[in-house]
Amino acid sequence: MAKVGRNQPCHCGSGKKFKKCCGSIANRGPIYEEQATSTRGVVRKNLAQEAIRERQQGLGRPIVSAEVAGHRIVATGDRIYWSKKWKTFPDFLVHYIKSVLGTEWGTAELAKPMLERHIVMQWYQAFYEFQTRDPLQSGGIRSANGIGVAWCFLGLAYSLYLIKHNVELQDRLLIRLRDPKNFQGAYHELMIANVLIRAGFELVLEDEHDKTTKHCEFSAISKRTGKKYTVEAKMRAVAGVLGKSNVDGSKDKDPTDKVTAHLRQALQKPSASTRLVFIDTNSDQVATNQQPPMWVERAIGRLKESESARTTNISAYVFVTNWNYHRHLMDDRAQSVTTAFGYGIPDFLKGGALPLHVIYQQKQKHIDIYHILDMIVRYTELPSTFDGRLLSETIDGGSRRIMIGEKYFFSDSGIGFAEVTSVAVSEDERCMYLGVMSDEIGAHILTMDMTDQELREYVSFGSAIFGELRQPNKRADTPLEMFEWLMTVYADYTNEQILRQISGAPDIAQFGNLERNDLMMAVAERVTWAIFQSQHSASSVNEDDN
């Protein structure tokens, strides 16, 4: 592609001069598109873009979508949906849940008085009110901080989509969802399926027609480790909540009153695989001042008592949760609180003083469970776009991102054409610092303001939005966080470079014959404690000075 002169008509066909259109830094337009980037740079950008997509969509099957003749088309399993109106993926989800549950069923429910409607249709009405309370932004998109009803209604729609797109949406599940008495159990199972699919598990549904044996909800196979797990989901029934009556719902004020009973029921079902047991407390308690709700400690205490009294060798990873979005539909107090317990698993989250490398090794051994815990926290992170792009690229016609390795025309700086070589973001100043290289002037640092949406995207995706995968400059608040960060750094070091980190140590000869992974862990632990001891000493000196 020939170089485009700054005063020539822009190649995009806008009729504007190139310097005022795609070549302008205000429009985030690269000069040479892909030609300005080396093959290595293209690979780097593609990896960064895939990281953004995975962060949005998880590790399940990617969204299959395209724009054709003004229509947005979405393929879900063996079904095709299309519309001219969908601007974001949540727009599609609102249509999808209506289609799956049935428009006739939904219309019949809406004809009833509000309190007599099915819980999903009550959510639908509340979600509509939430949607319309904020004005449309440019591009016809509404943006607002999420509240409980958004995570209930859109979360259910996304769960239905995920299980259809990745496994199979069985009729019996839809029948249970439409039945007020069975809704709670089906809803909770879908939440668990959502988490596992996005965390990188393949689900295998059970044959419910086989009445000769008890069944777990489904099986899950980790794509990372290949390990197979059986999954059980239990949720405390509370009178007056999620369709439960005074007869089939508990009135006990203690959210943990059913924890051991639910666990006992889950462990009674046969399993040849490791068990995952999810128990939701269905409580209106919320964490305050960064302190967990009181039920967390009580739940762990109950599980410890049950474990100490067990008479079999059955073990399980137990997740005790409180997804209370349905308890706070119209406010922002809705939250997800989770604690995990290794029932009969002595080296999983049992506490005690252990060397960092032992804690790290235990975490790697149970890494599937940590991925599940991470995705539980991210349950409310729904994809905003259909193709993994950033939302800022679609609002108001879209803006092109600043990409490392591409050239731009910096019209206001007097620099002219320059290649972006690095980008650093200051969240406090709400701007980015661009390292640029100009053939005429050389290296410079420029600043550019960031919109609220761009800042949110940077917080979510880090340097990937600039086409580069780089470890974030995250503060290590604990020794384990520092140790884990050092392990990622040392992965790219040679053994000689690793040993250089402790070159002044009197016992360095003892490290020379260690296997590579043992060497990385030994040096990482030594360096971690040296850093934290140094910080503690500096803090003590400052306190003495004061």
# chains A, B, ... in the order shown; residues from 1 in each chain; ligands from 1
$ residues_around --residues "region 317-333 of chain A" --least-positions-apart "6" --cutoff "9 Å" --atoms "only C-alpha atoms" --output "PyMOL selection string"
chain A and resi 123+126-127+130+145-152+241-242+259+263+274-286+296+299-300+303+339-345+348+369+373
$ residues_around --residues "region 515-523 of chain A" --least-positions-apart "6" --cutoff "9 Å" --atoms "only C-alpha atoms" --output "PDB file with N, CA and C atoms, in the first residue's frame"
ATOM      1  N   LEU A 356       5.926 -20.292  51.382  1.00  0.00           N
ATOM      2  CA  LEU A 356       5.244 -19.777  50.199  1.00  0.00           C
ATOM      3  C   LEU A 356       5.226 -20.775  49.064  1.00  0.00           C
ATOM      4  N   HIS A 357       6.334 -21.494  48.875  1.00  0.00           N
ATOM      5  CA  HIS A 357       6.379 -22.415  47.742  1.00  0.00           C
ATOM      6  C   HIS A 357       5.413 -23.589  47.936  1.00  0.00           C
ATOM      7  N   TYR A 360       1.986 -22.180  47.096  1.00  0.00           N
ATOM      8  CA  TYR A 360       1.929 -22.042  45.637  1.00  0.00           C
ATOM      9  C   TYR A 360       1.693 -23.403  44.977  1.00  0.00           C
ATOM     10  N   PHE A 483       5.095 -13.491  45.402  1.00  0.00           N
ATOM     11  CA  PHE A 483       5.706 -14.754  44.983  1.00  0.00           C
ATOM     12  C   PHE A 483       5.164 -15.180  43.622  1.00  0.00           C
ATOM     13  N   LEU A 486       6.539 -12.984  40.843  1.00  0.00           N
ATOM     14  CA  LEU A 486       7.923 -13.323  40.533  1.00  0.00           C
ATOM     15  C   LEU A 486       8.013 -14.617  39.719  1.00  0.00           C
ATOM     16  N   MET A 487       7.155 -15.571  40.000  1.00  0.00           N
ATOM     17  CA  MET A 487       7.166 -16.820  39.232  1.00  0.00           C
ATOM     18  C   MET A 487       6.831 -16.561  37.762  1.00  0.00           C
ATOM     19  N   TYR A 490      10.076 -14.920  36.326  1.00  0.00           N
ATOM     20  CA  TYR A 490      11.195 -15.857  36.178  1.00  0.00           C
ATOM     21  C   TYR A 490      10.954 -16.880  35.077  1.00  0.00           C
ATOM     22  N   ALA A 491       9.709 -17.057  34.676  1.00  0.00           N
ATOM     23  CA  ALA A 491       9.418 -18.013  33.609  1.00  0.00           C
ATOM     24  C   ALA A 491      10.136 -17.640  32.319  1.00  0.00           C
ATOM     25  N   ASN A 495      18.307 -19.764  33.806  1.00  0.00           N
ATOM     26  CA  ASN A 495      18.715 -20.109  35.174  1.00  0.00           C
ATOM     27  C   ASN A 495      19.774 -19.143  35.691  1.00  0.00           C
ATOM     28  N   ILE A 498      18.111 -16.004  36.819  1.00  0.00           N
ATOM     29  CA  ILE A 498      17.405 -16.204  38.083  1.00  0.00           C
ATOM     30  C   ILE A 498      18.397 -16.158  39.246  1.00  0.00           C
ATOM     31  N   LEU A 499      19.525 -16.864  39.114  1.00  0.00           N
ATOM     32  CA  LEU A 499      20.533 -16.886  40.174  1.00  0.00           C
ATOM     33  C   LEU A 499      21.111 -15.503  40.423  1.00  0.00           C
ATOM     34  N   GLN A 501      19.586 -12.900  40.758  1.00  0.00           N
ATOM     35  CA  GLN A 501      18.729 -12.155  41.680  1.00  0.00           C
ATOM     36  C   GLN A 501      19.203 -12.287  43.125  1.00  0.00           C
ATOM     37  N   ILE A 502      19.988 -13.324  43.418  1.00  0.00           N
ATOM     38  CA  ILE A 502      20.496 -13.514  44.784  1.00  0.00           C
ATOM     39  C   ILE A 502      22.018 -13.649  44.746  1.00  0.00           C
TER      40      ILE A 502
END
$ residues_around --residues "Asp257 (chain A)" --least-positions-apart "3" --cutoff "9 Å" --atoms "only C-alpha atoms" --output "PyMOL selection string"
chain A and resi 236+252-254+260-261+281+299
$ write_last_selection --atoms "N, CA, C and O atoms" --output "mmCIF file, in the first residue's frame"
data_model
loop_
_atom_site.group_PDB
_atom_site.id
_atom_site.type_symbol
_atom_site.label_atom_id
_atom_site.label_comp_id
_atom_site.auth_asym_id
_atom_site.auth_seq_id
_atom_site.Cartn_x
_atom_site.Cartn_y
_atom_site.Cartn_z
ATOM 1 N N ARG A 236 -30.687 -22.863 49.461
ATOM 2 C CA ARG A 236 -31.613 -22.822 50.591
ATOM 3 C C ARG A 236 -32.945 -22.203 50.177
ATOM 4 O O ARG A 236 -32.989 -21.125 49.579
ATOM 5 N N ASP A 252 -35.965 -19.821 59.156
ATOM 6 C CA ASP A 252 -34.806 -19.673 60.045
ATOM 7 C C ASP A 252 -33.993 -18.449 59.630
ATOM 8 O O ASP A 252 -33.723 -18.241 58.448
ATOM 9 N N LYS A 253 -33.584 -17.638 60.589
ATOM 10 C CA LYS A 253 -32.809 -16.442 60.313
ATOM 11 C C LYS A 253 -31.338 -16.746 60.039
ATOM 12 O O LYS A 253 -30.608 -15.882 59.552
ATOM 13 N N ASP A 254 -30.899 -17.952 60.333
ATOM 14 C CA ASP A 254 -29.513 -18.339 60.118
ATOM 15 C C ASP A 254 -29.341 -18.825 58.677
ATOM 16 O O ASP A 254 -29.880 -19.871 58.304
ATOM 17 N N THR A 260 -25.067 -28.197 56.162
ATOM 18 C CA THR A 260 -24.651 -29.593 56.342
ATOM 19 C C THR A 260 -25.674 -30.563 55.764
ATOM 20 O O THR A 260 -25.312 -31.610 55.225
ATOM 21 N N ALA A 261 -26.957 -30.211 55.843
ATOM 22 C CA ALA A 261 -27.987 -31.079 55.255
ATOM 23 C C ALA A 261 -27.841 -31.139 53.746
ATOM 24 O O ALA A 261 -27.935 -32.210 53.131
ATOM 25 N N THR A 281 -26.656 -19.877 50.225
ATOM 26 C CA THR A 281 -27.342 -19.599 51.484
ATOM 27 C C THR A 281 -28.595 -18.762 51.302
ATOM 28 O O THR A 281 -29.400 -18.648 52.228
ATOM 29 N N ALA A 299 -20.561 -20.884 58.386
ATOM 30 C CA ALA A 299 -20.626 -21.961 57.401
ATOM 31 C C ALA A 299 -19.370 -22.817 57.442
ATOM 32 O O ALA A 299 -19.440 -24.061 57.409
#
$ atom_distance --atom1 "CA of Ala186 (chain A)" --atom2 "CA of Leu173 (chain A)"
6.6 Å
$ closest_residue --among "A:Asn182, A:Ala287, A:Gly388, A:Leu205" --to "Ile63 (chain A)" --atoms "only C-alpha atoms"
A:Gly388
$ closest_residue --among "A:Gly512, A:Asn289, A:Trp295, A:Met482" --to "Ala530 (chain A)" --atoms "only C-alpha atoms"
A:Met482
$ atom_distance --atom1 "CA of Tyr370 (chain A)" --atom2 "CA of Ala272 (chain A)"
22.0 Å
$ atom_distance --atom1 "CA of Val94 (chain A)" --atom2 "CA of Ala157 (chain A)"
7.0 Å
$ closest_residue --among "A:Ala66, A:Ile314, A:Leu59, A:Leu174" --to "Ile97 (chain A)" --atoms "only C-alpha atoms"
A:Leu174
$ residues_around --residues "Thr478 (chain A)" --least-positions-apart "2" --cutoff "12 Å" --atoms "only C-alpha atoms" --output "PyMOL selection string"
chain A and resi 356+474-476+480-485+528-529+531-532+535
$ closest_residue --among "A:Pro113, A:Gly414, A:Gly77, A:Gly60" --to "Leu446 (chain A)" --atoms "only C-alpha atoms"
A:Gly414
$ select_by_dssp --residues "region 219-449 of chain A" --states "strand (DSSP E or B)" --output "ChimeraX atom specification"
/A:219-222,228-235,238,250,274-280,288,291,316-323,336-343,407-410,416-426,431-438,442-449
$ residues_around --residues "Phe461 (chain A)" --least-positions-apart "2" --cutoff "8 Å" --atoms "only C-alpha atoms" --output "MDAnalysis selection string"
chainID A and resid 51:52 55 457:459 463:465
$ residues_around --residues "region 378-385 of chain A" --least-positions-apart "5" --cutoff "7 Å" --atoms "only C-alpha atoms" --output "MDAnalysis selection string"
chainID A and resid 56:57 88:90 151 195 390:391
$ write_last_selection --atoms "C-alpha atoms" --output "PDB file, in the first residue's frame"
ATOM      1  CA  GLN A  56     -15.411 -10.832  27.946  1.00  0.00           C
ATOM      2  CA  GLN A  57     -16.752 -14.237  26.929  1.00  0.00           C
ATOM      3  CA  THR A  88     -24.990  -4.691  21.975  1.00  0.00           C
ATOM      4  CA  PHE A  89     -24.929  -8.312  23.057  1.00  0.00           C
ATOM      5  CA  PRO A  90     -27.302  -7.628  25.997  1.00  0.00           C
ATOM      6  CA  TRP A 151     -27.824  -9.495  37.007  1.00  0.00           C
ATOM      7  CA  VAL A 195     -19.715 -20.173  35.787  1.00  0.00           C
ATOM      8  CA  LEU A 390     -14.379  -2.997  22.988  1.00  0.00           C
ATOM      9  CA  LEU A 391     -17.615  -1.108  23.543  1.00  0.00           C
TER      10      LEU A 391
END
$ residues_around --residues "Glu168 (chain A)" --least-positions-apart "3" --cutoff "12 Å" --atoms "only C-alpha atoms" --output "VMD selection string"
chain A and resid 76 to 79 159 to 165 171 to 174 190 193 202 to 206 218
$ select_by_dssp --residues "region 252-434 of chain A" --states "helix (DSSP H, G or I)" --output "PyMOL selection string"
chain A and resi 259-267+294-308+325-327+356-365+367-377+391-393+395-397
